[in-house]
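Text of run_8.pdb (PDB, C-alpha atoms, pLDDT in the B column) as supplied:
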ATOM      1  CA  MET A  70       0.003  13.893  17.455  1.00 66.00           C
ATOM      2  CA  SER A  71      -2.745  15.125  19.751  1.00 86.00           C
ATOM      3  CA  LEU A  72      -5.534  12.588  19.875  1.00 95.00           C
ATOM      4  CA  LYS A  73      -9.035  13.127  21.164  1.00 97.00           C
ATOM      5  CA  ILE A  74     -12.217  11.117  21.468  1.00 98.00           C
ATOM      6  CA  GLU A  75     -15.634  12.244  20.281  1.00 97.00           C
ATOM      7  CA  ASN A  76     -18.689  10.002  20.451  1.00 97.00           C
ATOM      8  CA  ASN A  77     -16.477   7.118  21.643  1.00 98.00           C
ATOM      9  CA  LEU A  78     -14.354   7.265  18.474  1.00 98.00           C
ATOM     10  CA  ILE A  79     -10.823   8.614  18.044  1.00 98.00           C
ATOM     11  CA  VAL A  80     -10.971  11.731  15.891  1.00 97.00           C
ATOM     12  CA  GLY A  81      -8.863  11.251  12.778  1.00 92.00           C
ATOM     13  CA  ALA A  82      -8.776   7.461  12.946  1.00 95.00           C
ATOM     14  CA  GLU A  83      -9.760   5.497   9.889  1.00 97.00           C
ATOM     15  CA  ILE A  84     -13.147   4.181  11.024  1.00 98.00           C
ATOM     16  CA  GLU A  85     -14.938   1.145   9.625  1.00 98.00           C
ATOM     17  CA  LEU A  86     -17.525  -0.241  12.009  1.00 98.00           C
ATOM     18  CA  SER A  87     -17.519  -3.984  12.559  1.00 98.00           C
ATOM     19  CA  PRO A  88     -20.802  -5.858  12.892  1.00 98.00           C
ATOM     20  CA  ASN A  89     -19.039  -7.974  15.528  1.00 98.00           C
ATOM     21  CA  SER A  90     -19.881  -5.958  18.612  1.00 98.00           C
ATOM     22  CA  SER A  91     -22.487  -5.761  21.327  1.00 98.00           C
ATOM     23  CA  GLU A  92     -23.789  -3.384  23.946  1.00 97.00           C
ATOM     24  CA  ARG A  93     -21.444  -2.647  26.832  1.00 95.00           C
ATOM     25  CA  CYS A  94     -22.875  -3.335  30.267  1.00 88.00           C
ATOM     26  CA  ASP A  95     -19.818  -2.703  32.481  1.00 94.00           C
ATOM     27  CA  ASP A  96     -17.407   0.183  32.953  1.00 96.00           C
ATOM     28  CA  ILE A  97     -14.136   0.011  31.030  1.00 97.00           C
ATOM     29  CA  GLU A  98     -11.460  -1.161  33.467  1.00 97.00           C
ATOM     30  CA  LEU A  99      -8.988  -2.977  31.245  1.00 98.00           C
ATOM     31  CA  ILE A 100      -6.993  -2.579  28.042  1.00 98.00           C
ATOM     32  CA  VAL A 101      -6.045  -5.853  26.357  1.00 98.00           C
ATOM     33  CA  ILE A 102      -3.088  -5.899  23.950  1.00 98.00           C
ATOM     34  CA  HIS A 103      -3.215  -8.433  21.108  1.00 98.00           C
ATOM     35  CA  CYS A 104      -1.304  -9.053  17.906  1.00 98.00           C
ATOM     36  CA  ILE A 105      -2.518 -10.208  14.517  1.00 98.00           C
ATOM     37  CA  SER A 106      -1.216 -10.793  11.019  1.00 98.00           C
ATOM     38  CA  LEU A 107      -2.870 -12.759   8.261  1.00 98.00           C
ATOM     39  CA  PRO A 108      -1.294 -14.966   7.095  1.00 98.00           C
ATOM     40  CA  ALA A 109       0.995 -15.118  10.132  1.00 96.00           C
ATOM     41  CA  GLY A 110       4.015 -12.882   9.614  1.00 97.00           C
ATOM     42  CA  GLU A 111       2.667 -11.166   6.490  1.00 97.00           C
ATOM     43  CA  TYR A 112       2.003  -7.443   6.775  1.00 98.00           C
ATOM     44  CA  ASN A 113       0.677  -4.460   4.834  1.00 95.00           C
ATOM     45  CA  ASN A 114      -2.497  -6.126   3.656  1.00 97.00           C
ATOM     46  CA  ASN A 115      -6.167  -5.701   4.524  1.00 97.00           C
ATOM     47  CA  TYR A 116      -6.784  -9.230   5.778  1.00 98.00           C
ATOM     48  CA  PRO A 117      -7.081  -8.406   9.515  1.00 98.00           C
ATOM     49  CA  LYS A 118      -9.418  -5.543   8.627  1.00 98.00           C
ATOM     50  CA  ASP A 119     -11.437  -7.854   6.371  1.00 98.00           C
ATOM     51  CA  LEU A 120     -11.645 -10.403   9.203  1.00 98.00           C
ATOM     52  CA  PHE A 121     -13.078  -7.799  11.595  1.00 98.00           C
ATOM     53  CA  LEU A 122     -15.592  -6.715   8.935  1.00 98.00           C
ATOM     54  CA  ASN A 123     -16.624 -10.305   8.027  1.00 98.00           C
ATOM     55  CA  LYS A 124     -15.283  -9.768   4.496  1.00 98.00           C
ATOM     56  CA  LEU A 125     -12.240 -12.067   4.523  1.00 98.00           C
ATOM     57  CA  ASP A 126     -12.050 -14.290   1.431  1.00 97.00           C
ATOM     58  CA  LEU A 127     -11.120 -17.647   2.962  1.00 97.00           C
ATOM     59  CA  SER A 128      -9.857 -18.974  -0.388  1.00 97.00           C
ATOM     60  CA  ILE A 129      -6.902 -16.545  -0.428  1.00 96.00           C
ATOM     61  CA  HIS A 130      -4.704 -18.620   1.894  1.00 97.00           C
ATOM     62  CA  PRO A 131      -4.984 -22.168   3.297  1.00 97.00           C
ATOM     63  CA  SER A 132      -4.573 -20.913   6.881  1.00 96.00           C
ATOM     64  CA  PHE A 133      -7.713 -18.803   6.530  1.00 98.00           C
ATOM     65  CA  GLU A 134      -9.886 -21.948   6.556  1.00 96.00           C
ATOM     66  CA  THR A 135      -9.503 -22.040  10.357  1.00 95.00           C
ATOM     67  CA  LEU A 136     -11.255 -18.657  10.474  1.00 97.00           C
ATOM     68  CA  LYS A 137     -14.465 -19.924   8.854  1.00 96.00           C
ATOM     69  CA  ASN A 138     -17.545 -18.624  10.705  1.00 95.00           C
ATOM     70  CA  LEU A 139     -15.346 -16.744  13.195  1.00 96.00           C
ATOM     71  CA  LYS A 140     -16.932 -13.482  14.340  1.00 98.00           C
ATOM     72  CA  VAL A 141     -14.256 -11.301  15.957  1.00 98.00           C
ATOM     73  CA  SER A 142     -13.362  -7.653  16.221  1.00 98.00           C
ATOM     74  CA  SER A 143     -11.146  -5.271  18.081  1.00 98.00           C
ATOM     75  CA  HIS A 144     -11.643  -1.675  19.026  1.00 98.00           C
ATOM     76  CA  LEU A 145      -8.387  -0.679  17.327  1.00 98.00           C
ATOM     77  CA  LEU A 146      -5.747  -2.072  14.983  1.00 98.00           C
ATOM     78  CA  ILE A 147      -2.326  -0.398  14.997  1.00 98.00           C
ATOM     79  CA  ASN A 148      -0.336  -1.097  11.828  1.00 98.00           C
ATOM     80  CA  ARG A 149       3.430  -1.453  11.679  1.00 98.00           C
ATOM     81  CA  ASP A 150       3.763   2.068  10.228  1.00 98.00           C
ATOM     82  CA  GLY A 151       1.860   3.573  13.190  1.00 98.00           C
ATOM     83  CA  SER A 152      -1.365   4.197  11.306  1.00 97.00           C
ATOM     84  CA  PHE A 153      -4.477   2.826  12.968  1.00 98.00           C
ATOM     85  CA  GLN A 154      -8.094   1.947  12.384  1.00 98.00           C
ATOM     86  CA  GLN A 155     -11.057   1.816  14.754  1.00 98.00           C
ATOM     87  CA  PHE A 156     -13.662  -0.914  14.291  1.00 98.00           C
ATOM     88  CA  VAL A 157     -15.812  -0.608  17.417  1.00 98.00           C
ATOM     89  CA  PRO A 158     -16.736   2.511  19.414  1.00 98.00           C
ATOM     90  CA  PHE A 159     -15.430   2.380  22.974  1.00 98.00           C
ATOM     91  CA  ASP A 160     -18.948   2.381  24.439  1.00 98.00           C
ATOM     92  CA  LYS A 161     -19.562  -1.010  22.749  1.00 98.00           C
ATOM     93  CA  CYS A 162     -18.035  -4.429  23.409  1.00 98.00           C
ATOM     94  CA  ALA A 163     -15.654  -5.620  20.730  1.00 98.00           C
ATOM     95  CA  TRP A 164     -15.345  -9.390  20.426  1.00 98.00           C
ATOM     96  CA  HIS A 165     -11.597  -9.675  20.988  1.00 98.00           C
ATOM     97  CA  ALA A 166     -11.046 -11.578  24.225  1.00 97.00           C
ATOM     98  CA  GLY A 167     -13.054 -14.773  23.754  1.00 96.00           C
ATOM     99  CA  GLN A 168     -13.258 -17.020  26.798  1.00 97.00           C
ATOM    100  CA  SER A 169     -11.374 -14.942  29.335  1.00 98.00           C
ATOM    101  CA  SER A 170     -11.118 -13.744  32.918  1.00 98.00           C
ATOM    102  CA  PHE A 171      -9.221 -11.122  34.870  1.00 98.00           C
ATOM    103  CA  GLU A 172      -9.042 -10.887  38.646  1.00 97.00           C
ATOM    104  CA  GLY A 173     -11.997 -13.239  38.983  1.00 96.00           C
ATOM    105  CA  LYS A 174     -14.226 -11.453  36.452  1.00 97.00           C
ATOM    106  CA  GLU A 175     -15.298 -13.529  33.469  1.00 97.00           C
ATOM    107  CA  ASP A 176     -15.821 -12.363  29.862  1.00 97.00           C
ATOM    108  CA  CYS A 177     -13.301  -9.549  29.571  1.00 98.00           C
ATOM    109  CA  ASN A 178     -15.049  -8.185  26.472  1.00 98.00           C
ATOM    110  CA  LYS A 179     -17.634  -6.684  28.827  1.00 97.00           C
ATOM    111  CA  PHE A 180     -15.152  -4.424  30.629  1.00 98.00           C
ATOM    112  CA  SER A 181     -12.181  -3.999  28.297  1.00 98.00           C
ATOM    113  CA  ILE A 182     -10.885  -2.256  25.211  1.00 98.00           C
ATOM    114  CA  GLY A 183      -9.060  -4.500  22.732  1.00 98.00           C
ATOM    115  CA  ILE A 184      -6.083  -3.154  20.822  1.00 98.00           C
ATOM    116  CA  GLU A 185      -4.511  -5.274  18.081  1.00 98.00           C
ATOM    117  CA  LEU A 186      -0.955  -4.639  16.933  1.00 98.00           C
ATOM    118  CA  GLU A 187      -0.049  -5.799  13.452  1.00 98.00           C
ATOM    119  CA  GLY A 188       2.542  -8.449  14.193  1.00 98.00           C
ATOM    120  CA  THR A 189       3.182 -11.924  15.538  1.00 98.00           C
ATOM    121  CA  VAL A 190       4.336 -13.470  18.787  1.00 98.00           C
ATOM    122  CA  ASN A 191       7.578 -14.345  16.971  1.00 97.00           C
ATOM    123  CA  GLU A 192       8.980 -10.907  16.201  1.00 97.00           C
ATOM    124  CA  SER A 193       9.393  -7.400  17.562  1.00 98.00           C
ATOM    125  CA  PHE A 194       6.930  -4.598  17.138  1.00 98.00           C
ATOM    126  CA  THR A 195       7.925  -1.264  15.595  1.00 98.00           C
ATOM    127  CA  ASP A 196       8.883   1.983  17.304  1.00 98.00           C
ATOM    128  CA  LYS A 197       5.959   3.659  15.541  1.00 98.00           C
ATOM    129  CA  GLN A 198       3.567   1.113  17.030  1.00 98.00           C
ATOM    130  CA  TYR A 199       4.849   1.762  20.566  1.00 98.00           C
ATOM    131  CA  THR A 200       4.617   5.528  20.040  1.00 98.00           C
ATOM    132  CA  ILE A 201       0.980   5.517  18.935  1.00 98.00           C
ATOM    133  CA  LEU A 202       0.044   2.783  21.417  1.00 98.00           C
ATOM    134  CA  ASN A 203       1.315   4.965  24.270  1.00 98.00           C
ATOM    135  CA  GLU A 204      -0.590   7.979  22.940  1.00 97.00           C
ATOM    136  CA  ILE A 205      -3.769   5.917  22.704  1.00 98.00           C
ATOM    137  CA  ILE A 206      -3.313   4.423  26.185  1.00 98.00           C
ATOM    138  CA  GLY A 207      -2.865   7.924  27.625  1.00 97.00           C
ATOM    139  CA  LEU A 208      -6.003   9.091  25.847  1.00 97.00           C
ATOM    140  CA  LEU A 209      -8.041   6.106  27.026  1.00 98.00           C
ATOM    141  CA  ARG A 210      -6.872   6.565  30.615  1.00 97.00           C
ATOM    142  CA  ARG A 211      -8.019  10.211  30.516  1.00 96.00           C
ATOM    143  CA  GLU A 212     -11.436   9.321  29.110  1.00 97.00           C
ATOM    144  CA  TYR A 213     -12.317   6.034  30.819  1.00 97.00           C
ATOM    145  CA  PRO A 214     -11.708   4.431  34.262  1.00 97.00           C
ATOM    146  CA  VAL A 215      -8.952   2.093  32.988  1.00 97.00           C
ATOM    147  CA  LYS A 216      -7.190   0.329  35.857  1.00 97.00           C
ATOM    148  CA  ASN A 217      -4.972  -2.247  34.115  1.00 98.00           C
ATOM    149  CA  ILE A 218      -3.247  -3.061  30.825  1.00 98.00           C
ATOM    150  CA  VAL A 219      -2.647  -6.735  30.043  1.00 98.00           C
ATOM    151  CA  GLY A 220      -1.785  -9.051  27.197  1.00 98.00           C
ATOM    152  CA  HIS A 221      -4.312 -11.442  25.726  1.00 98.00           C
ATOM    153  CA  SER A 222      -2.202 -14.263  27.165  1.00 98.00           C
ATOM    154  CA  GLU A 223      -2.899 -12.978  30.690  1.00 98.00           C
ATOM    155  CA  ILE A 224      -6.676 -13.193  30.384  1.00 98.00           C
ATOM    156  CA  ALA A 225      -6.818 -16.382  28.288  1.00 98.00           C
ATOM    157  CA  VAL A 226      -4.071 -18.374  30.010  1.00 96.00           C
ATOM    158  CA  GLY A 227      -3.058 -21.473  28.085  1.00 95.00           C
ATOM    159  CA  ARG A 228      -5.306 -20.536  25.156  1.00 96.00           C
ATOM    160  CA  LYS A 229      -3.577 -17.433  23.780  1.00 97.00           C
ATOM    161  CA  LYS A 230       0.069 -16.326  23.553  1.00 97.00           C
ATOM    162  CA  ASP A 231      -0.199 -12.768  22.261  1.00 98.00           C
ATOM    163  CA  PRO A 232       1.251 -10.238  22.265  1.00 98.00           C
ATOM    164  CA  GLY A 233       4.149 -12.613  22.952  1.00 98.00           C
ATOM    165  CA  PRO A 234       7.705 -12.488  24.275  1.00 98.00           C
ATOM    166  CA  TYR A 235       8.853  -9.772  21.861  1.00 98.00           C
ATOM    167  CA  PHE A 236       6.343  -7.260  23.197  1.00 98.00           C
ATOM    168  CA  GLU A 237       8.347  -4.847  25.352  1.00 98.00           C
ATOM    169  CA  TRP A 238       6.139  -4.050  28.338  1.00 98.00           C
ATOM    170  CA  LYS A 239       8.769  -1.666  29.697  1.00 97.00           C
ATOM    171  CA  ARG A 240       8.048   0.601  26.704  1.00 98.00           C
ATOM    172  CA  ILE A 241       4.439   1.087  27.789  1.00 96.00           C
ATOM    173  CA  ASN A 242       3.702   4.217  29.827  1.00 81.00           C
ATOM    174  CA  ASP A 243       1.613   2.615  32.530  1.00 65.00           C
TER
END
Starting from the coordinates I provided, produce the structure as structure tokens.
Amino acid sequence: MSLKIENNLIVGAEIELSPNSSERCDDIELIVIHCISLPAGEYNNNYPKDLFLNKLDLSIHPSFETLKNLKVSSHLLINRDGSFQQFVPFDKCAWHAGQSSFEGKEDCNKFSIGIELEGTVNESFTDKQYTILNEIIGLLRREYPVKNIVGHSEIAVGRKKDPGPYFEWKRIND
């Protein structure tokens, strides 16, 4: 697959713009890898997408009650089959990092791109996810001044655990 970016969106991606974004004021220096599944460990549903679009029906599962009034998004979500969606253009801040810092800079949303992988911290990710993730990282590095790639756990120490111990960093073309 040969990916390209036009107007800060990946051409060919399924695009549904999240209202949970803001203007970007800093250059993109960082890619943050996350993981998500709703409910935890359940895949092939639209619940993460619905969360990013503020359309999640909280009555569907008891665990969703903790998400009440949560306004979050990610630039991209990579599904287990390697398909992906874009929710925020790269020239905007997605609300993925929360309270965070990297190398002394606070609020990583301002200078990062957030990529969610469908999964949990308790199991491996798929070969297809690593393949498309590497293609996307290469594309982002060509288009933006990305200096580092980190896990959410590295910028929100003690607060977040993703992408977790099953994420194979050695498989990332850094």
Run through the PyMOL selection byres ((chain A and resi 113) around 8) on the given coordinates and return the selected residues as a compact mmCIF listing (two decimals) with C-alpha atoms, in the coordinates of the input.
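selection_17.txt, freshly written:
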# COMPACT_ATOMS: atom_id res chain seq x y z
CA GLU A 111 2.67 -11.17 6.49
CA TYR A 112 2.00 -7.44 6.78
CA ASN A 114 -2.50 -6.13 3.66
CA ASN A 115 -6.17 -5.70 4.52
CA ASN A 148 -0.34 -1.10 11.83
CA ARG A 149 3.43 -1.45 11.68
Quiz item: Residues at most 10 Å from A:Ser90, counting all atoms listed in the file, excluding those fewer than 4 positions away in the same chain, as number ranges by chain?
Solution: A: 86, 121, 140-144, 156-158, 161-165, 178
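Atom CA of A:Glu187 lies 18.8 Å from atom CA of A:Ile129.
Using all atoms listed in the file, the protein and nucleic acid residues lying no more than 7 Å from stretch 92-103 of chain A, apart from those fewer than 6 places from it along its own chain, are Asp160, Lys161, Cys162, Lys179, Phe180, Ser181, Ile182, Gly183, Ile184, Glu185, Leu186, Tyr213, Pro214, Val215, Lys216, Asn217, Ile218, Val219, Gly220, His221, Asp231 and Pro232 of chain A.
As for atom CA of A:Leu136 and atom CA of A:Gly167, they are spaced 14.0 Å apart.
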Exercise. Considering all atoms listed in the file, return as a PyMOL selection string whatever protein or nucleic-acid residues lie within 9 Å of A:Asp196, sequence-local ones (same chain, fewer than 5 positions apart) excluded.
Key: chain A and resi 149-151+201
Quiz item: Can you list, as a list in words, every protein, DNA or RNA residue that comes within 9 Å of A:Pro117 when you count only C-alpha atoms, leaving out same-chain residues fewer than 4 positions away?
Solution: Ile105, Ser106, Leu107, Phe121, Leu122, Leu125, Leu146 and Glu187 of chain A
Would you write out those residues with C-alpha atoms, as a PDB file, in the coordinates of the input?
ATOM      1  CA  ILE A 105      -2.518 -10.208  14.517  1.00 98.00           C
ATOM      2  CA  SER A 106      -1.216 -10.793  11.019  1.00 98.00           C
ATOM      3  CA  LEU A 107      -2.870 -12.759   8.261  1.00 98.00           C
ATOM      4  CA  PHE A 121     -13.078  -7.799  11.595  1.00 98.00           C
ATOM      5  CA  LEU A 122     -15.592  -6.715   8.935  1.00 98.00           C
ATOM      6  CA  LEU A 125     -12.240 -12.067   4.523  1.00 98.00           C
ATOM      7  CA  LEU A 146      -5.747  -2.072  14.983  1.00 98.00           C
ATOM      8  CA  GLU A 187      -0.049  -5.799  13.452  1.00 98.00           C
TER       9      GLU A 187
END
Quiz prompt | Distance in Å - atom CA of A:Thr189 versus atom CA of A:Ser132 | solution = 14.7 Å
Output as AutoDock Vina command-line options the centre and edge lengths (Å, one decimal) of the box along x, y and z of the file that holds every listed atom of stretch 85-103 of chain A after adding 6 Å on each side.
--center_x -13.4 --center_y -3.6 --center_z 21.5 --size_x 32.7 --size_y 21.6 --size_z 35.8
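Of the residues listed (A:Asn123, A:Gln155, A:Asn242, A:Asn89), A:Asn242 shows the shortest atom-to-atom separation from A:Asn203; distances use all atoms listed in the file.
Among the candidates A:Cys104, A:Ile224, A:Ile205, A:Ile241, the one nearest to A:Phe153 when counting all atoms listed in the file is A:Ile205.
Minimum atom-to-atom distance to A:Thr195, evaluated using all atoms listed in the file, belongs to A:Phe236 out of A:Ala82, A:Arg228, A:Asp126, A:Phe236.
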Exercise. Convert the output of the PyMOL selection byres ((chain A and resi 169) around 10) on the shown file into explicit residues, formatted as a VMD selection string.
Key: chain A and resid 165 to 168 170 to 171 173 to 178 221 to 226 228 to 229
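Shortest separation to A:Ala109 among A:Phe133, A:Lys230, A:Ile206, A:Arg211 occurs at residue A:Phe133, atoms counted being all atoms listed in the file.
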Quiz prompt | Ground truth for the PyMOL selection byres ((chain A and resi 81) around 12), written as a ChimeraX atom specification | solution = /A:70-75,78-80,82-84,152-155
